[in-house]
$ cat coords_2.cif   # mmCIF, C-alpha atoms and all ligand atoms
data_input
#
loop_
_atom_site.group_PDB
_atom_site.id
_atom_site.type_symbol
_atom_site.label_atom_id
_atom_site.label_comp_id
_atom_site.auth_asym_id
_atom_site.auth_seq_id
_atom_site.Cartn_x
_atom_site.Cartn_y
_atom_site.Cartn_z
ATOM 1 C CA MET A 1 -120.631 129.332 41.239
ATOM 2 C CA ALA A 2 -121.572 130.372 37.716
ATOM 3 C CA LYS A 3 -123.287 128.406 35.007
ATOM 4 C CA ILE A 4 -122.595 128.791 31.338
ATOM 5 C CA SER A 5 -125.401 128.473 28.844
ATOM 6 C CA TRP A 6 -124.336 126.208 25.964
ATOM 7 C CA LYS A 7 -126.271 125.665 22.787
ATOM 8 C CA ALA A 8 -128.976 122.992 22.925
ATOM 9 C CA GLY A 9 -127.677 119.438 22.955
ATOM 10 C CA THR A 10 -128.243 115.910 24.232
ATOM 11 C CA MET A 11 -126.755 116.463 27.672
ATOM 12 C CA VAL A 12 -128.966 114.195 29.742
ATOM 13 C CA TYR A 13 -126.684 111.678 31.412
ATOM 14 C CA PRO A 14 -126.141 108.989 32.595
ATOM 15 C CA VAL A 15 -128.105 106.700 30.307
ATOM 16 C CA PRO A 16 -127.868 102.950 29.728
ATOM 17 C CA PRO A 17 -125.666 101.841 26.825
ATOM 18 C CA ALA A 18 -128.318 99.251 25.967
ATOM 19 C CA LEU A 19 -127.833 96.394 23.532
ATOM 20 C CA ILE A 20 -130.806 96.370 21.191
ATOM 21 C CA SER A 21 -131.264 92.937 19.656
ATOM 22 C CA CYS A 22 -133.538 92.279 16.699
ATOM 23 C CA GLY A 23 -134.165 89.875 13.816
ATOM 24 C CA THR A 24 -134.385 86.184 14.663
ATOM 25 C CA VAL A 25 -132.317 83.700 16.669
ATOM 26 C CA GLU A 26 -131.080 82.258 13.355
ATOM 27 C CA LYS A 27 -130.324 85.680 11.834
ATOM 28 C CA PRO A 28 -129.888 88.130 14.685
ATOM 29 C CA ASN A 29 -128.516 91.650 14.814
ATOM 30 C CA VAL A 30 -127.540 93.831 17.747
ATOM 31 C CA MET A 31 -126.693 97.516 18.096
ATOM 32 C CA THR A 32 -125.807 99.733 21.056
ATOM 33 C CA ALA A 33 -128.271 102.491 21.863
ATOM 34 C CA ALA A 34 -128.045 105.225 24.453
ATOM 35 C CA TRP A 35 -131.264 106.946 23.382
ATOM 36 C CA THR A 36 -133.635 104.631 25.156
ATOM 37 C CA GLY A 37 -135.703 104.809 28.320
ATOM 38 C CA ILE A 38 -139.105 104.483 29.927
ATOM 39 C CA ILE A 39 -141.989 106.692 28.854
ATOM 40 C CA ASN A 40 -144.903 105.231 30.832
ATOM 41 C CA SER A 41 -145.388 102.957 33.860
ATOM 42 C CA GLU A 42 -148.856 101.508 33.324
ATOM 43 C CA PRO A 43 -148.924 100.116 30.756
ATOM 44 C CA PRO A 44 -145.127 99.855 30.702
ATOM 45 C CA MET A 45 -143.894 101.641 27.594
ATOM 46 C CA THR A 46 -140.467 102.380 26.252
ATOM 47 C CA TYR A 47 -138.687 103.778 23.200
ATOM 48 C CA VAL A 48 -135.464 103.508 21.302
ATOM 49 C CA SER A 49 -134.355 106.214 18.886
ATOM 50 C CA ILE A 50 -132.473 104.890 15.887
ATOM 51 C CA ARG A 51 -130.991 106.632 12.851
ATOM 52 C CA PRO A 52 -132.551 105.464 9.571
ATOM 53 C CA SER A 53 -129.068 104.523 8.292
ATOM 54 C CA ARG A 54 -128.709 101.671 10.816
ATOM 55 C CA LEU A 55 -129.375 98.067 9.800
ATOM 56 C CA SER A 56 -131.337 97.685 13.044
ATOM 57 C CA HIS A 57 -133.685 100.449 11.867
ATOM 58 C CA GLU A 58 -134.459 98.468 8.721
ATOM 59 C CA ILE A 59 -134.992 95.210 10.619
ATOM 60 C CA ILE A 60 -137.153 96.632 13.443
ATOM 61 C CA SER A 61 -139.250 98.644 10.966
ATOM 62 C CA LYS A 62 -140.148 95.327 9.306
ATOM 63 C CA THR A 63 -140.471 92.982 12.291
ATOM 64 C CA LYS A 64 -141.925 95.538 14.749
ATOM 65 C CA ASN A 65 -140.199 93.981 17.710
ATOM 66 C CA PHE A 66 -136.879 94.264 19.538
ATOM 67 C CA VAL A 67 -135.263 93.541 22.888
ATOM 68 C CA ILE A 68 -133.536 96.031 25.180
ATOM 69 C CA ASN A 69 -130.722 94.107 26.878
ATOM 70 C CA LEU A 70 -128.855 95.713 29.775
ATOM 71 C CA PRO A 71 -125.147 94.885 29.682
ATOM 72 C CA THR A 72 -122.691 94.537 32.555
ATOM 73 C CA LEU A 73 -119.141 95.730 33.038
ATOM 74 C CA ASN A 74 -117.522 92.527 31.716
ATOM 75 C CA MET A 75 -119.325 93.215 28.414
ATOM 76 C CA VAL A 76 -118.196 96.784 27.929
ATOM 77 C CA SER A 77 -115.934 96.126 24.950
ATOM 78 C CA ALA A 78 -118.740 94.191 23.240
ATOM 79 C CA VAL A 79 -121.052 97.123 23.963
ATOM 80 C CA ASP A 80 -118.671 99.529 22.300
ATOM 81 C CA PHE A 81 -118.064 97.157 19.392
ATOM 82 C CA CYS A 82 -121.799 96.807 18.725
ATOM 83 C CA GLY A 83 -121.975 100.602 18.664
ATOM 84 C CA VAL A 84 -119.279 101.123 16.050
ATOM 85 C CA LYS A 85 -119.735 98.129 13.733
ATOM 86 C CA SER A 86 -122.775 97.538 11.584
ATOM 87 C CA GLY A 87 -124.535 94.262 11.052
ATOM 88 C CA CYS A 88 -124.394 95.146 7.326
ATOM 89 C CA ASP A 89 -120.841 93.816 7.179
ATOM 90 C CA THR A 90 -120.180 92.207 10.567
ATOM 91 C CA ASP A 91 -121.738 89.325 12.459
ATOM 92 C CA LYS A 92 -121.607 91.088 15.815
ATOM 93 C CA PHE A 93 -122.802 88.073 17.806
ATOM 94 C CA LYS A 94 -120.018 85.965 16.339
ATOM 95 C CA GLU A 95 -117.350 88.632 16.817
ATOM 96 C CA THR A 96 -118.267 89.468 20.427
ATOM 97 C CA GLY A 97 -119.185 85.986 21.628
ATOM 98 C CA LEU A 98 -122.600 87.226 22.794
ATOM 99 C CA THR A 99 -125.287 84.546 22.559
ATOM 100 C CA PRO A 100 -128.684 85.126 20.908
ATOM 101 C CA ILE A 101 -131.415 83.106 22.620
ATOM 102 C CA ALA A 102 -135.175 82.927 22.090
ATOM 103 C CA SER A 103 -137.395 85.473 23.811
ATOM 104 C CA SER A 104 -140.567 84.444 25.612
ATOM 105 C CA HIS A 105 -143.123 86.661 23.835
ATOM 106 C CA ILE A 106 -141.589 87.997 20.619
ATOM 107 C CA GLU A 107 -139.566 86.749 17.689
ATOM 108 C CA ALA A 108 -136.530 89.002 18.286
ATOM 109 C CA PRO A 109 -133.773 87.187 20.165
ATOM 110 C CA GLN A 110 -132.402 88.353 23.483
ATOM 111 C CA ILE A 111 -128.837 88.218 24.760
ATOM 112 C CA GLU A 112 -128.118 85.397 27.176
ATOM 113 C CA GLU A 113 -125.228 87.161 28.921
ATOM 114 C CA CYS A 114 -127.302 90.246 29.862
ATOM 115 C CA PRO A 115 -128.972 89.919 33.286
ATOM 116 C CA ILE A 116 -132.013 91.917 32.142
ATOM 117 C CA SER A 117 -133.760 91.715 28.777
ATOM 118 C CA VAL A 118 -136.860 93.754 28.053
ATOM 119 C CA GLU A 119 -139.058 92.423 25.246
ATOM 120 C CA CYS A 120 -140.715 95.186 23.229
ATOM 121 C CA ARG A 121 -143.411 95.354 20.565
ATOM 122 C CA VAL A 122 -143.416 98.471 18.384
ATOM 123 C CA LEU A 123 -146.578 100.603 18.516
ATOM 124 C CA GLU A 124 -145.487 103.549 16.426
ATOM 125 C CA ILE A 125 -142.459 104.908 14.581
ATOM 126 C CA LYS A 126 -142.066 108.654 14.973
ATOM 127 C CA PRO A 127 -139.553 110.551 12.829
ATOM 128 C CA TYR A 128 -137.964 113.479 14.668
ATOM 129 C CA GLY A 129 -135.015 114.462 12.474
ATOM 130 C CA SER A 130 -131.742 112.630 12.934
ATOM 131 C CA HIS A 131 -133.455 109.679 14.632
ATOM 132 C CA ASP A 132 -136.749 107.824 14.381
ATOM 133 C CA MET A 133 -138.303 106.952 17.713
ATOM 134 C CA PHE A 134 -139.620 103.402 18.014
ATOM 135 C CA LEU A 135 -142.350 103.742 20.593
ATOM 136 C CA ALA A 136 -143.054 100.332 22.095
ATOM 137 C CA GLU A 137 -144.984 98.425 24.705
ATOM 138 C CA ILE A 138 -142.993 96.239 27.061
ATOM 139 C CA VAL A 139 -144.431 92.765 26.760
ATOM 140 C CA ALA A 140 -142.074 90.864 29.066
ATOM 141 C CA VAL A 141 -139.011 91.354 31.263
ATOM 142 C CA ASP A 142 -136.567 88.454 31.519
ATOM 143 C CA VAL A 143 -134.063 88.416 34.382
ATOM 144 C CA ASP A 144 -131.180 86.072 35.127
ATOM 145 C CA ASP A 145 -132.281 83.791 37.980
ATOM 146 C CA LYS A 146 -128.698 83.787 39.248
ATOM 147 C CA TYR A 147 -129.538 87.128 40.892
ATOM 148 C CA ILE A 148 -132.798 86.020 42.500
ATOM 149 C CA ASP A 149 -132.521 84.716 46.068
ATOM 150 C CA ALA A 150 -134.699 82.152 47.854
ATOM 151 C CA SER A 151 -137.140 84.843 48.982
ATOM 152 C CA GLY A 152 -137.637 86.002 45.396
ATOM 153 C CA LYS A 153 -135.675 89.247 45.778
ATOM 154 C CA PHE A 154 -133.850 90.328 42.636
ATOM 155 C CA TRP A 155 -130.368 91.625 43.526
ATOM 156 C CA LEU A 156 -129.952 94.177 40.750
ATOM 157 C CA GLU A 157 -126.932 95.768 42.438
ATOM 158 C CA LYS A 158 -125.011 92.494 42.084
ATOM 159 C CA THR A 159 -125.371 92.359 38.312
ATOM 160 C CA GLY A 160 -122.737 95.010 37.532
ATOM 161 C CA LEU A 161 -124.828 97.185 35.215
ATOM 162 C CA ILE A 162 -123.034 100.030 33.458
ATOM 163 C CA ALA A 163 -123.861 103.595 32.470
ATOM 164 C CA PHE A 164 -122.884 105.847 29.574
ATOM 165 C CA ALA A 165 -122.249 109.542 30.141
ATOM 166 C CA HIS A 166 -120.790 112.180 27.841
ATOM 167 C CA GLY A 167 -118.837 109.746 25.688
ATOM 168 C CA HIS A 168 -117.655 107.370 28.418
ATOM 169 C CA TYR A 169 -118.740 104.110 30.024
ATOM 170 C CA TYR A 170 -118.966 103.853 33.794
ATOM 171 C CA THR A 171 -119.723 101.310 36.469
ATOM 172 C CA LEU A 172 -122.608 102.285 38.713
ATOM 173 C CA GLY A 173 -120.639 102.694 41.951
ATOM 174 C CA ARG A 174 -122.241 102.586 45.371
ATOM 175 C CA ASN A 175 -125.805 102.388 46.561
ATOM 176 C CA LEU A 176 -126.565 105.847 48.017
ATOM 177 C CA GLY A 177 -129.939 105.056 49.542
ATOM 178 C CA SER A 178 -133.275 103.583 48.582
ATOM 179 C CA PHE A 179 -136.292 105.304 47.054
ATOM 180 C CA GLY A 180 -137.845 107.750 49.541
ATOM 181 C CA PHE A 181 -134.992 107.640 52.066
ATOM 182 C CA SER A 182 -134.763 111.437 52.204
ATOM 183 C CA VAL A 183 -138.145 111.645 53.944
ATOM 184 C CA ASN A 184 -137.708 108.574 56.128
ATOM 185 C CA LYS A 185 -136.414 109.677 59.545
ATOM 186 C CA ALA A 186 -135.421 106.178 60.691
ATOM 187 C CA ARG A 187 -133.399 105.496 57.567
ATOM 188 C CA LEU A 188 -131.747 108.908 57.660
ATOM 189 C CA ALA A 189 -130.806 108.398 61.313
ATOM 190 C CA ALA A 190 -129.376 104.967 60.538
ATOM 191 C CA MET A 191 -127.266 106.363 57.723
ATOM 192 C CA LYS A 192 -126.000 109.174 59.951
ATOM 193 C CA LYS A 193 -125.146 106.633 62.642
ATOM 194 C CA MET A 194 -123.047 104.665 60.178
ATOM 195 C CA ASP A 195 -121.234 107.932 59.477
ATOM 196 C CA LYS A 196 -122.048 107.362 55.838
ATOM 197 C CA VAL A 197 -123.666 110.655 55.044
ATOM 198 C CA ASP A 198 -123.638 114.258 56.061
ATOM 199 C CA VAL A 199 -127.331 114.931 55.757
ATOM 200 C CA MET A 200 -128.481 118.475 55.222
ATOM 201 C CA VAL A 201 -132.163 117.922 55.756
ATOM 202 C CA LYS A 202 -133.032 121.532 55.044
ATOM 203 C CA ALA A 203 -131.519 121.379 51.603
ATOM 204 C CA ARG A 204 -132.546 117.723 51.236
ATOM 205 C CA LYS A 205 -129.040 116.883 50.211
ATOM 206 C CA ALA A 206 -127.052 113.889 51.324
ATOM 207 C CA VAL A 207 -123.374 113.916 50.503
ATOM 208 C CA LEU A 208 -121.123 110.957 51.005
ATOM 209 C CA LEU A 209 -118.426 112.262 53.309
ATOM 210 C CA GLU A 210 -115.524 110.566 51.559
ATOM 211 C CA ASP A 211 -116.794 111.751 48.150
ATOM 212 C CA ARG A 212 -116.858 115.343 49.331
ATOM 213 C CA ALA A 213 -113.320 115.120 50.692
ATOM 214 C CA GLU A 214 -112.197 113.551 47.424
ATOM 215 C CA SER A 215 -113.966 116.147 45.336
ATOM 216 C CA GLU A 216 -112.468 119.019 47.307
ATOM 217 C CA ALA A 217 -108.992 117.555 46.968
ATOM 218 C CA ARG A 218 -109.326 116.647 43.275
ATOM 219 C CA PRO A 219 -106.583 118.377 41.307
ATOM 220 C CA VAL A 220 -107.473 120.331 38.229
ATOM 221 C CA SER A 221 -106.176 118.557 35.143
ATOM 222 C CA LYS A 222 -105.589 119.995 31.697
ATOM 223 C CA PRO A 223 -106.778 123.577 31.444
ATOM 224 C CA SER A 224 -106.598 123.696 27.644
ATOM 225 C CA LYS A 225 -109.826 121.773 27.117
ATOM 226 C CA PHE A 226 -111.717 124.270 29.198
ATOM 227 C CA ALA A 227 -110.059 127.394 27.917
ATOM 228 C CA ARG A 228 -112.582 127.654 25.093
ATOM 229 C CA LYS A 229 -115.513 127.340 27.473
ATOM 230 C CA ILE A 230 -114.094 130.104 29.652
ATOM 231 C CA LYS A 231 -113.529 132.289 26.608
ATOM 232 C CA SER A 232 -117.082 131.718 25.452
ATOM 233 C CA ALA A 233 -118.399 132.451 28.942
ATOM 234 C CA GLU A 234 -116.515 135.714 29.007
ATOM 235 C CA ALA A 235 -117.800 136.605 25.549
ATOM 236 C CA HIS A 236 -121.342 135.968 26.718
ATOM 237 C CA SER A 237 -120.984 137.635 30.071
ATOM 238 C CA SER A 238 -122.654 140.805 28.854
ATOM 239 C CA GLN A 239 -125.668 138.883 27.626
ATOM 240 C CA LYS A 240 -128.830 139.107 29.668
ATOM 241 C CA LYS A 241 -129.223 135.326 29.903
ATOM 242 C CA PHE A 242 -125.812 134.803 31.376
ATOM 243 C CA ASP A 243 -126.216 137.755 33.757
ATOM 244 C CA GLY A 244 -129.474 136.209 34.879
ATOM 245 C CA LYS A 245 -127.775 132.918 35.647
ATOM 246 C CA LYS A 246 -125.041 134.714 37.558
ATOM 247 C CA LYS A 247 -127.583 136.560 39.639
ATOM 248 C CA PHE A 248 -129.387 133.288 40.268
ATOM 249 C CA SER A 249 -126.251 131.598 41.484
ATOM 250 C CA LYS A 250 -125.429 134.592 43.703
ATOM 251 C CA ALA A 251 -128.862 134.454 45.199
ATOM 252 C CA ARG A 252 -128.240 130.825 46.143
ATOM 253 C CA GLY A 253 -125.245 132.007 48.180
ATOM 254 C CA ASN A 254 -123.140 129.291 49.777
ATOM 255 C CA GLU A 255 -125.873 126.719 49.965
ATOM 256 C CA ALA A 256 -124.125 124.320 47.601
ATOM 257 C CA PRO A 257 -122.048 121.898 49.652
ATOM 258 C CA LEU A 258 -119.527 121.150 46.914
ATOM 259 C CA PRO A 259 -117.289 123.676 45.217
ATOM 260 C CA SER A 260 -118.070 123.938 41.543
ATOM 261 C CA SER A 261 -115.516 121.959 39.590
ATOM 262 C CA PHE A 262 -115.792 124.488 36.810
ATOM 263 C CA ALA A 263 -114.949 127.293 39.256
ATOM 264 C CA LYS A 264 -111.799 125.366 40.108
ATOM 265 C CA LYS A 265 -110.934 125.024 36.458
ATOM 266 C CA ARG A 266 -111.490 128.722 35.992
ATOM 267 C CA SER A 267 -109.229 129.599 38.886
ATOM 268 C CA PHE A 268 -106.595 127.307 37.393
ATOM 269 C CA LYS A 269 -106.887 129.194 34.127
ATOM 270 C CA LYS A 270 -106.431 132.499 35.930
ATOM 271 C CA LYS A 271 -103.296 131.217 37.614
ATOM 272 C CA ALA A 272 -101.881 129.713 34.411
HETATM 273 C C1 LIG A 301 -122.548 104.203 23.407
HETATM 274 C C2 LIG A 301 -123.252 104.247 22.077
HETATM 275 C C3 LIG A 301 -124.562 104.656 22.010
HETATM 276 C C4 LIG A 301 -125.237 104.686 20.789
HETATM 277 N N1 LIG A 301 -126.532 105.082 20.758
HETATM 278 C C5 LIG A 301 -127.216 105.091 19.594
HETATM 279 C C6 LIG A 301 -128.600 105.436 19.566
HETATM 280 O O1 LIG A 301 -129.215 105.710 20.589
HETATM 281 N N2 LIG A 301 -129.206 105.442 18.360
HETATM 282 C C7 LIG A 301 -128.565 105.130 17.176
HETATM 283 O O2 LIG A 301 -129.181 105.175 16.090
HETATM 284 N N3 LIG A 301 -127.257 104.779 17.191
HETATM 285 C C8 LIG A 301 -126.584 104.723 18.364
HETATM 286 N N4 LIG A 301 -125.263 104.337 18.392
HETATM 287 C C9 LIG A 301 -124.611 103.931 17.131
HETATM 288 C C10 LIG A 301 -125.018 102.514 16.665
HETATM 289 O O3 LIG A 301 -124.947 101.575 17.699
HETATM 290 C C11 LIG A 301 -124.101 102.094 15.529
HETATM 291 O O4 LIG A 301 -124.259 102.934 14.427
HETATM 292 C C12 LIG A 301 -124.235 100.638 15.101
HETATM 293 O O5 LIG A 301 -123.160 100.332 14.266
HETATM 294 C C13 LIG A 301 -125.527 100.352 14.363
HETATM 295 O O6 LIG A 301 -125.536 99.003 14.071
HETATM 296 P P1 LIG A 301 -126.428 98.326 12.925
HETATM 297 O O7 LIG A 301 -126.122 99.019 11.639
HETATM 298 O O8 LIG A 301 -125.988 96.890 12.938
HETATM 299 O O9 LIG A 301 -127.845 98.496 13.334
HETATM 300 C C14 LIG A 301 -124.576 104.298 19.595
HETATM 301 C C15 LIG A 301 -123.234 103.888 19.671
HETATM 302 C C16 LIG A 301 -122.583 103.848 20.892
HETATM 303 C C17 LIG A 301 -121.156 103.386 20.956
#

$ encode --input "coords_2.cif" --output "structure tokens"
Amino acid sequence: MAKISWKAGTMVYPVPPALISCGTVEKPNVMTAAWTGIINSEPPMTYVSIRPSRLSHEIISKTKNFVINLPTLNMVSAVDFCGVKSGCDTDKFKETGLTPIASSHIEAPQIEECPISVECRVLEIKPYGSHDMFLAEIVAVDVDDKYIDASGKFWLEKTGLIAFAHGHYYTLGRNLGSFGFSVNKARLAAMKKMDKVDVMVKARKAVLLEDRAESEARPVSKPSKFARKIKSAEAHSSQKKFDGKKKFSKARGNEAPLPSSFAKKRSFKKKA
């Protein structure tokens, strides 16, 4: 396995393709944002980074409140639409059929169809370059009661939330285990019993058996897209940084349970 050092970029995925709603119920706007997340637990704080050119930037700068709505897979085309059309010339609620409804604590509307809406009040606007970060406190979280059972448990996994990674939208797939399972002997044993995982406790890695088989069998697709990366890797191979990474990966030996997909692509290139 070898890693290639690319220039700095925004390669932290997956992230939520959140629908950020703002304005008022009577005059709402919504935009898609991937640059959002949690920055503190207590008090709960969040952010959304928005380019100054967006209409949402103008609105939230004035009103100082917005809602982070988490969309589901049946909304994916609306999510994309709200990320390519501006409220300057399009009524995105009207075009997508999404419904703006009143929030409980702030003026900005939330989206009825989203199972989770997080109401936010802006604390600070920090300019960083391309984007301004709207640092905000979370003042309320509204969840669709359809997913709450009689005992009060919220079945998040039933909502169909989606993720965004490297230019594509994805469903979330399967539940691989709950928080802390890797150090819980009973839960690990139960998973092993179900033949669900091949647990390498030493490496603290749990690999779904069928995923590994699939990954090993996955054919290499188009080599052309990767040819440039290989070329650049070769060009950099004399550089100290790259040598260092190579040494590092050698030192790790065969610990990694999955073959590197890039290594496969490289071997394809050699054959081609
Ligand atoms: C998946 C996806 C993620 C996006 N993430 C961001 C983001 O984090 N920040 C941002 O400023 N624009 C982001 N955009 C672009 C805006 O959603 C887009 O420019 C939108 O038209 C702005 O709408 P508005 O002018 O009505 O505010 C994203 C677009 C897509 C499709």

$ closest_residue --input "coords_2.cif" --among "A:Thr24, A:Thr10, A:Ser178, A:Asn29" --to "Thr90 (chain A)" --atoms "all atoms listed in the file"
A:Asn29

$ residues_near_ligand --input "coords_2.cif" --ligand "ligand LIG 301 (chain A)" --cutoff "6 Å" --atoms "only C-alpha atoms and all ligand atoms" --output "PDB file with C-alpha atoms, keeping the file's coordinate frame"
ATOM      1  CA  PRO A  17    -125.666 101.841  26.825  1.00  0.00           C
ATOM      2  CA  VAL A  30    -127.540  93.831  17.747  1.00  0.00           C
ATOM      3  CA  MET A  31    -126.693  97.516  18.096  1.00  0.00           C
ATOM      4  CA  THR A  32    -125.807  99.733  21.056  1.00  0.00           C
ATOM      5  CA  ALA A  33    -128.271 102.491  21.863  1.00  0.00           C
ATOM      6  CA  ALA A  34    -128.045 105.225  24.453  1.00  0.00           C
ATOM      7  CA  TRP A  35    -131.264 106.946  23.382  1.00  0.00           C
ATOM      8  CA  SER A  49    -134.355 106.214  18.886  1.00  0.00           C
ATOM      9  CA  ILE A  50    -132.473 104.890  15.887  1.00  0.00           C
ATOM     10  CA  ARG A  51    -130.991 106.632  12.851  1.00  0.00           C
ATOM     11  CA  ARG A  54    -128.709 101.671  10.816  1.00  0.00           C
ATOM     12  CA  LEU A  55    -129.375  98.067   9.800  1.00  0.00           C
ATOM     13  CA  SER A  56    -131.337  97.685  13.044  1.00  0.00           C
ATOM     14  CA  ASP A  80    -118.671  99.529  22.300  1.00  0.00           C
ATOM     15  CA  CYS A  82    -121.799  96.807  18.725  1.00  0.00           C
ATOM     16  CA  GLY A  83    -121.975 100.602  18.664  1.00  0.00           C
ATOM     17  CA  VAL A  84    -119.279 101.123  16.050  1.00  0.00           C
ATOM     18  CA  LYS A  85    -119.735  98.129  13.733  1.00  0.00           C
ATOM     19  CA  SER A  86    -122.775  97.538  11.584  1.00  0.00           C
ATOM     20  CA  GLY A  87    -124.535  94.262  11.052  1.00  0.00           C
TER      21      GLY A  87
END

$ closest_atom_pairs --input "coords_2.cif" --of "region 23-54 of chain A" --to "region 63-73 of chain A" --cutoff "9 Å" --atoms "all atoms listed in the file" --output "tab-separated table"
residue	atom	partner	partner_atom	distance
A:Gly23	CA	A:Thr63	CA	7.2
A:Ala33	CA	A:Ile68	CA	9.0
A:Thr36	CA	A:Ile68	CA	8.6
A:Val48	CA	A:Ile68	CA	8.6

$ residues_around --input "coords_2.cif" --residues "region 42-44 of chain A" --least-positions-apart "4" --cutoff "12 Å" --atoms "all atoms listed in the file" --output "ChimeraX atom specification"
/A:37-38,118-121,135-141

$ atom_distance --input "coords_2.cif" --atom1 "CA of Gly167 (chain A)" --atom2 "CA of Asp91 (chain A)"
24.5 Å

$ resolve_selection --input "coords_2.cif" --expression "the PyMOL selection byres (((chain A and resi 169) around 10) and not hetatm)" --output "ChimeraX atom specification"
/A:14-17,73,76-77,79-80,162-168,170-172

$ write_last_selection --input "coords_2.cif" --atoms "C-alpha atoms" --output "short mmCIF file (atom, residue, chain, number, x, y, z; two decimals), keeping the file's coordinate frame"
data_model
loop_
_atom_site.label_atom_id
_atom_site.label_comp_id
_atom_site.auth_asym_id
_atom_site.auth_seq_id
_atom_site.Cartn_x
_atom_site.Cartn_y
_atom_site.Cartn_z
CA PRO A 14 -126.14 108.99 32.60
CA VAL A 15 -128.10 106.70 30.31
CA PRO A 16 -127.87 102.95 29.73
CA PRO A 17 -125.67 101.84 26.82
CA LEU A 73 -119.14 95.73 33.04
CA VAL A 76 -118.20 96.78 27.93
CA SER A 77 -115.93 96.13 24.95
CA VAL A 79 -121.05 97.12 23.96
CA ASP A 80 -118.67 99.53 22.30
CA ILE A 162 -123.03 100.03 33.46
CA ALA A 163 -123.86 103.60 32.47
CA PHE A 164 -122.88 105.85 29.57
CA ALA A 165 -122.25 109.54 30.14
CA HIS A 166 -120.79 112.18 27.84
CA GLY A 167 -118.84 109.75 25.69
CA HIS A 168 -117.66 107.37 28.42
CA TYR A 170 -118.97 103.85 33.79
CA THR A 171 -119.72 101.31 36.47
CA LEU A 172 -122.61 102.28 38.71
#

$ build_atoms --input "coords_2.cif" --residues "region 84-95 of chain A" --atoms "N, CA and C atoms" --output "short mmCIF file (atom, residue, chain, number, x, y, z; two decimals), in the frame of the given file"
data_model
loop_
_atom_site.label_atom_id
_atom_site.label_comp_id
_atom_site.auth_asym_id
_atom_site.auth_seq_id
_atom_site.Cartn_x
_atom_site.Cartn_y
_atom_site.Cartn_z
N VAL A 84 -120.11 100.54 17.11
CA VAL A 84 -119.28 101.12 16.05
C VAL A 84 -119.24 100.26 14.78
N LYS A 85 -119.70 99.03 14.91
CA LYS A 85 -119.74 98.13 13.73
C LYS A 85 -121.19 97.88 13.34
N SER A 86 -121.41 97.79 12.05
CA SER A 86 -122.78 97.54 11.58
C SER A 86 -122.96 96.08 11.19
N GLY A 87 -124.17 95.61 11.45
CA GLY A 87 -124.54 94.26 11.05
C GLY A 87 -124.55 94.10 9.53
N CYS A 88 -124.45 95.22 8.80
CA CYS A 88 -124.39 95.15 7.33
C CYS A 88 -123.18 94.35 6.88
N ASP A 89 -122.06 94.51 7.60
CA ASP A 89 -120.84 93.82 7.18
C ASP A 89 -120.17 93.00 8.28
N THR A 90 -120.81 92.95 9.46
CA THR A 90 -120.18 92.21 10.57
C THR A 90 -121.23 91.38 11.30
N ASP A 91 -120.87 90.14 11.60
CA ASP A 91 -121.74 89.32 12.46
C ASP A 91 -121.31 89.65 13.89
N LYS A 92 -122.04 90.58 14.51
CA LYS A 92 -121.61 91.09 15.82
C LYS A 92 -121.74 90.05 16.92
N PHE A 93 -122.69 89.13 16.79
CA PHE A 93 -122.80 88.07 17.81
C PHE A 93 -121.57 87.17 17.73
N LYS A 94 -121.17 86.85 16.52
CA LYS A 94 -120.02 85.96 16.34
C LYS A 94 -118.74 86.65 16.84
N GLU A 95 -118.58 87.90 16.46
CA GLU A 95 -117.35 88.63 16.82
C GLU A 95 -117.21 88.87 18.31
#
